[in-house]
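J.: Let me begin by handing over the structure; questions about it come next.
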Amino acid sequence: TYLHFRMHLLSLNLQKSSAIVTAIYGNFSAPKNQEIVIARGSTLELLRPDDTGKLISICETPLFAVIRSLLPFRLAGANKDYVVVGSDSGKITILEFNADANDWKSVHCEVFGKTGCRRIVPGQYVAADPKGRALMIGSIEKQKFVYIMNRDSANRLTISSPLEAHKTETVIFSICGVDVGFDNPVFAMIELEYKDADEDPTGEAAMEAEKRLTYYELDLGLNHVVRKWSEPISRTANMLLTVPGGDDGPSGVLICGENWVGYKNQGHPEVRTALPRRRDMPIQRGLLITSAAVHKQRGLFFFMLQSELGDLYKVSLTLSPTDKKVVTDVVVTVFDTLPPAVSFCITKTGLMFSASEFGNHMLLQFQNLGDDENAVVAHCVGEEINEELGDDSVSACRVALSFTPSPVLKNLAVTDEIESMAPVTDMIIDDIGGEGTPQIYSLCGRGNRSTMRVLRHGVSVTEMAVSELPGRPNAVWTVRDHQESENDKYIIVSFSNATLVLSIGDDVEEVTDSGFLASVPTLDVALMADNALLQVHPTGIRHIRRDPHSGNEKRISEWKTPGKRQIERASANSRQVAISLAGGEITYFEIDQAGQLVEMKTHDFGHQVACLDVGEVPAGRSRSSFLAVGGYDNTVQILSLEPNDLLVMRSTMMLPKRPESVCLVHMDSEASAAAPEAGSSSAGQKKGYTSAMYLNIGLVNGVLHRVAVDSTAGTMSDSRCRLLGIKPVKLFRVMVRGRRGVLALSTRTWLLYNYQGRYFQAPISYETLEFASNFASEVCPEGIVAIASNTLRIITVDNLGAMFNQTVHPLRYTPRKMLRLPGTSHVAVIETDHNEYGEAEKEKLAAAMAAESSSSENKEQNGDDDMEIDSESTTNGQAVENTVNGTDDDAEGDEEVRLPVRGPLPPTEGHWASCIRIMDPVSGNALELLELTDNEAAFSICTCVFSHISEEMFIVVGTAKDMTLHPRKVTCGYINVYRLLGDRLQLLHKTPLEDVPLALCEFHGKLLVGVGRSIRMFELGKKKLLRKCENKGFPSGIMKLHVNGDRIYASDMSESVHFVKYRRQDNSLVIFADEYSPRYMTTSCILDYDTVAGADKFGNVWVLQLPFKANDDIDNPTGSRLLWDQGLLNGAPTKAQLLTHFHLGEAVTSMVKCSFVPGGEEAIIVATVMGGIYAFLPFRRKDDVEFFQHLEMYMRQEWPSLVQRDHLSYRSYFQPVKDTVDGDLCEQYGRMPPSKQKEIADDLNRTPPEMMKKLEETRNSLL
């Protein structure tokens, strides 16, 4: 696959990054819309909760830049919010959402500094004046700029030149605006000046350095910024929150630090409260607030804080009854426990969005505000006690309340979850389940929220109902009661000799008074424009109309076929009916103004008709213009249905095989911009939404053809095909998010739909279906009713726009490595957590806590509820509310959502919990779970068949005992060798090492081990492994090993890949090649004997190759082995060449070379720490390389980033991009205006449809 010539790769995004960097809330598209904007990697996404409490993705926009911060901003008197973006572009960007185009528009993009994420370049922090008059953008150190915001005479947003507010040798920890009403805008920040610490070599000044709360005032009259006020605050302060001012509150800021939360303002003494702590939390450990949100409405405001453990605290301020500007108490209430989040958003409709740090993100509904009598409430400490207490955890424990967290939510309820794979720690791509196509098995998450996720190509479905039928049906339809109805009334099921009619209501039951003929099979069913029903059966057409003079009585008329001929194919819409009789005769009917079915014309097709479709009546038209007919002569014809040239052929298309079905459908045009999602009041009428007619043709050999049909002339063009399976393809029209889509049934079920301006063809992960129809009811407003064998099924489609659907299996600890056990369908997983107790230790601690709690309850008679308060805690001379947060009596225990709660925590660093798991990845069943004891942690795993025991496979695990990360040290490393007895693990022996074995690999019946800076080769002994040879000449540490023949590919932590040759004659390992550039490796993958792909921790992906005819057989003329054990400075004699280089923007954690389709294109598949999955597809032809390179060049010029980050510079962040085309940028071609598309296509000597076809075929070659 990878030959010795210049390689070119195409990067494609298979699954978008699921980790969220930051999230904000506001009204961005319309004044009343409650919306959330999230940053996923370099993508900006707009989410909107629907009426059912589900989050709907409205728009996704790649920025091709690092998004550092987001802020909602609203001018005084405005009713919509802007988004302020702080990025690595060196510019402050203000975006406005254009609802007509369903996309973001850059309003202002002002340059202030260099590009990149630099320490002194602003962009890390963004703050706004609460009245919308100014913005401040700040860096981590020194620089801060203030912009005055206003509007011009045309009500357009204006921005001033930047005003400097710099302070040298000062580190900034947080920035926020201060609510001062309409006085001069004030910004608050936490600063730490390090000038004295830099000049003091003893380190005493650094220990005494103090953080300060500083106010900067923007003088609107003099147009400059002054440092107004500064006071020292807690050394552990890390976050500021704006306290509402004016009539809503006292103004000032809320300071969040370790163990404490306090209120402070200029001229106001600090009022602080100790954060309640968990009962099992060690005194030595501090408690840090990591995320927060403010909720403000008329007459009410509160803060929602979350600690690093996930505990939520609701914070409110008590004001003096005589002076509303004086805060007398900071009230902290233990609210609930959620997984730790990076951002919170609280909407005005009572919803809270939690962007989880790891694992799925959640949308929650407030059930109450935590003000019940059983709440855990802490108050501020008195002035006398406050002076005695420091900021450390020991001081806080003297006055802090204690509680026990509950896994059951008390004040919140989960309404929706967004799946997140972040971080992916390892990945296997293989067909372990025997499904015919490979699945992706990924290890995801952290701690007790860790999972193994099985990804299958396609969209997921939810099964709403399954019902067995009396016999084997062959078709199913649904019809409404009348045209204005949103829900279906009947399900019509056709058998080989009968028809069953089911009524849809509270129950689905058979009816006999529908008017349908039940003694014959049905060929088609339709609801006509006058609300009459139509049934086509082999002997005629049954027209069922309501009698206008009587209630439910029906007037039935029949059209009988001439002679004894039978109808073979039929198609109908609300006004037209087309049938084909045996012999190829087509008869066409229309409904006249009186509601009568009138035969318009009969046409001899000339061949037996295989399929036909009359399409739907377009909006504003009285009839469909065309009839598509497929014949046994392997052709498809478009016949006109216009009265002037009825059934006249407009165009024809030759096919390689006989068509099985045809489907005319109006779908979004690829040349149009992304249109508004359904659910918005005027979706479909907005600008940018244009539809085109497409003819989908399913062939008997499983191939789907899709051609564009000119809506006026009826000509066919732009043919595209795709293999869906080996069975004939049946096509059905369905509704997808309020728009028309197509369901294609073959070996697998495929859904063809438009989503956010892109056309998708994705399989559905469900059983093979035989017939389907659209379905709508009150319970299921948009579903599909289908037949599978002798069952009737109702399903709904989920996760539109996703390339994969997920099956989740929970794990115990953070997964580190995974491998498939050869010859089986099982995998082995090692899981390791730092600063955690093992399962056995947790059980002992839980028993001790239960005994202590029981003793306390016997003494105090306080009940047995989920949250308890330490009875010894007192604050401010007041009696602490020694109440217990119990369970709600009305809670339905069987339906409660239980979230994993972290804890208890070890008191010191260096405590580990680890286990080895043998599991079936398809079912998720754990066949063996072996806990490691004695503070031993597993870091590497492999299987090995030793040469002298070739009939048995061993599992080898590399572990470390009592490891601390900083400074890094370990008591002892071990290589544990396990025998696999069935599904059980039996320890054979342990081999001690002086360092951690991070890399293991089998090598010709021996075991290769990467231990620190050396590679060792071992053989199996009776009591331990026996060392055979070693090479100590590696720079920093071996983190991964690969083997191919006699070559070993060793990935060094900081010095790229080393090529090692095993010399059998002298039993030595020789480094014969390395690379010039140092690379901090995270993973690697061998492509062929001379080529290696790798990735580093900065998000770069690259391919290295040895020079042509590189010699790996190096002679040692001295005869001394010392030659290979030295020479770190000189390096190896051969240097690998860099073939490709590409900055992905996310640290890659796993890399695999594979093909997703049997016989399909091989590609490099990578998974990232942000939960994204990307593919690097090698080009096979030179003209493909030239096409994509030129398209990328044009897209860089014509489609700049919204933050004006230079695309070439972004993809060359650390090293110039080399021979890799950004496929994500090229795919933005479909979002460009039609005029721009045509301009670029003309320059490339193509048409826009040909451009889109090329992009689609390239992606389809991979999946």
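As shown in the structure tokens, the chain order sets the letters A, B, ...; within each chain, residues go from 1, and ligands are also counted from 1 in the order they appear.
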Please list as a CSV table (one decimal) with N, CA, C and O atoms, in the first residue's frame every residue within 7 Å of A:Ser1261, counting only C-alpha atoms and excluding residues in the same chain fewer than 3 positions away.
T.:
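Below is the file result25.csv, written as the result:
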chain,number,residue,atom,x,y,z
A,1160,GLY,N,-12.1,-2.5,0.9
A,1160,GLY,CA,-12.1,-1.0,0.7
A,1160,GLY,C,-10.8,-0.4,0.9
A,1160,GLY,O,-9.7,-1.1,1.1
A,1161,GLU,N,-10.7,0.9,0.9
A,1161,GLU,CA,-9.5,1.7,1.1
A,1161,GLU,C,-8.9,1.5,2.5
A,1161,GLU,O,-9.7,1.6,3.5
A,1257,GLU,N,-17.8,10.7,-3.1
A,1257,GLU,CA,-17.2,9.4,-3.4
A,1257,GLU,C,-15.9,9.1,-2.6
A,1257,GLU,O,-15.7,8.0,-2.2
A,1258,THR,N,-15.2,10.2,-2.3
A,1258,THR,CA,-14.0,10.0,-1.5
A,1258,THR,C,-14.3,9.6,-0.1
A,1258,THR,O,-13.7,8.7,0.4
J.: Report the closest atom pair, with its distance in Å rounded to one decimal, for each residue of stretch 361-391 of chain A that has an atom no farther than 12 Å from stretch 419-425 of chain A; count only C-alpha atoms, sort by chain and then rising residue number, and write it as a Markdown table.
T.:
| residue | atom | partner | partner_atom | distance |
| --- | --- | --- | --- | --- |
| A:His361 | CA | A:Glu419 | CA | 6.6 |
| A:Met362 | CA | A:Glu419 | CA | 8.9 |
| A:Leu363 | CA | A:Glu419 | CA | 11.6 |
J.: Compile the contact shell of stretch 1082-1086 of chain A as a count of residues only: residues with an atom at most 6 Å away, counting only C-alpha atoms, same-chain residues fewer than 6 positions apart removed.
T.: 8
J.: For A:Lys1109, find every residue with an atom within 12 Å (counting only C-alpha atoms), except residues of its own chain fewer than 2 positions away, and show them as a list in words.
T.: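 Contacts, with the query itself left out: His4, Tyr1089, Asp1090, Gln1105, Leu1106, Pro1107, Asn1111, Asp1112, Asp1113, Thr1134 and Ala1136 of chain A.
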J.: Identify, with DSSP run on backbone atoms, the residues in stretch 214-388 of chain A assigned to strand (DSSP E), and express the list as an MDAnalysis selection string.
T.: chainID A and resid 214:219 224:232 239:242 253:256 260:265 268:274 277:278 289:297 300:307 311:319 327:337 341:346 351:356 361:366 376:378
J.: As an exercise, work out the distance from atom CA of A:Val829 to atom CA of A:Arg917 in Å and give it to one decimal place.
T.: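 These atoms are spaced 5.1 Å apart.
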J.: Could you jot down the atom CA of A:Ser307 to atom CA of A:Gly903 separation for me, Å, one decimal place?
T.: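 These atoms are spaced 13.1 Å apart.
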J.: Tell me which of A:Arg40, A:Lys961, A:Arg740, A:Arg1196 sits closest to A:Gly1145, counting only C-alpha atoms.
T.: A:Arg40
J.: From the options A:Val271, A:Leu287, A:Val1185, A:Ile795, which residue's atoms come nearest to A:Leu317, counting only C-alpha atoms?
T.: A:Val271
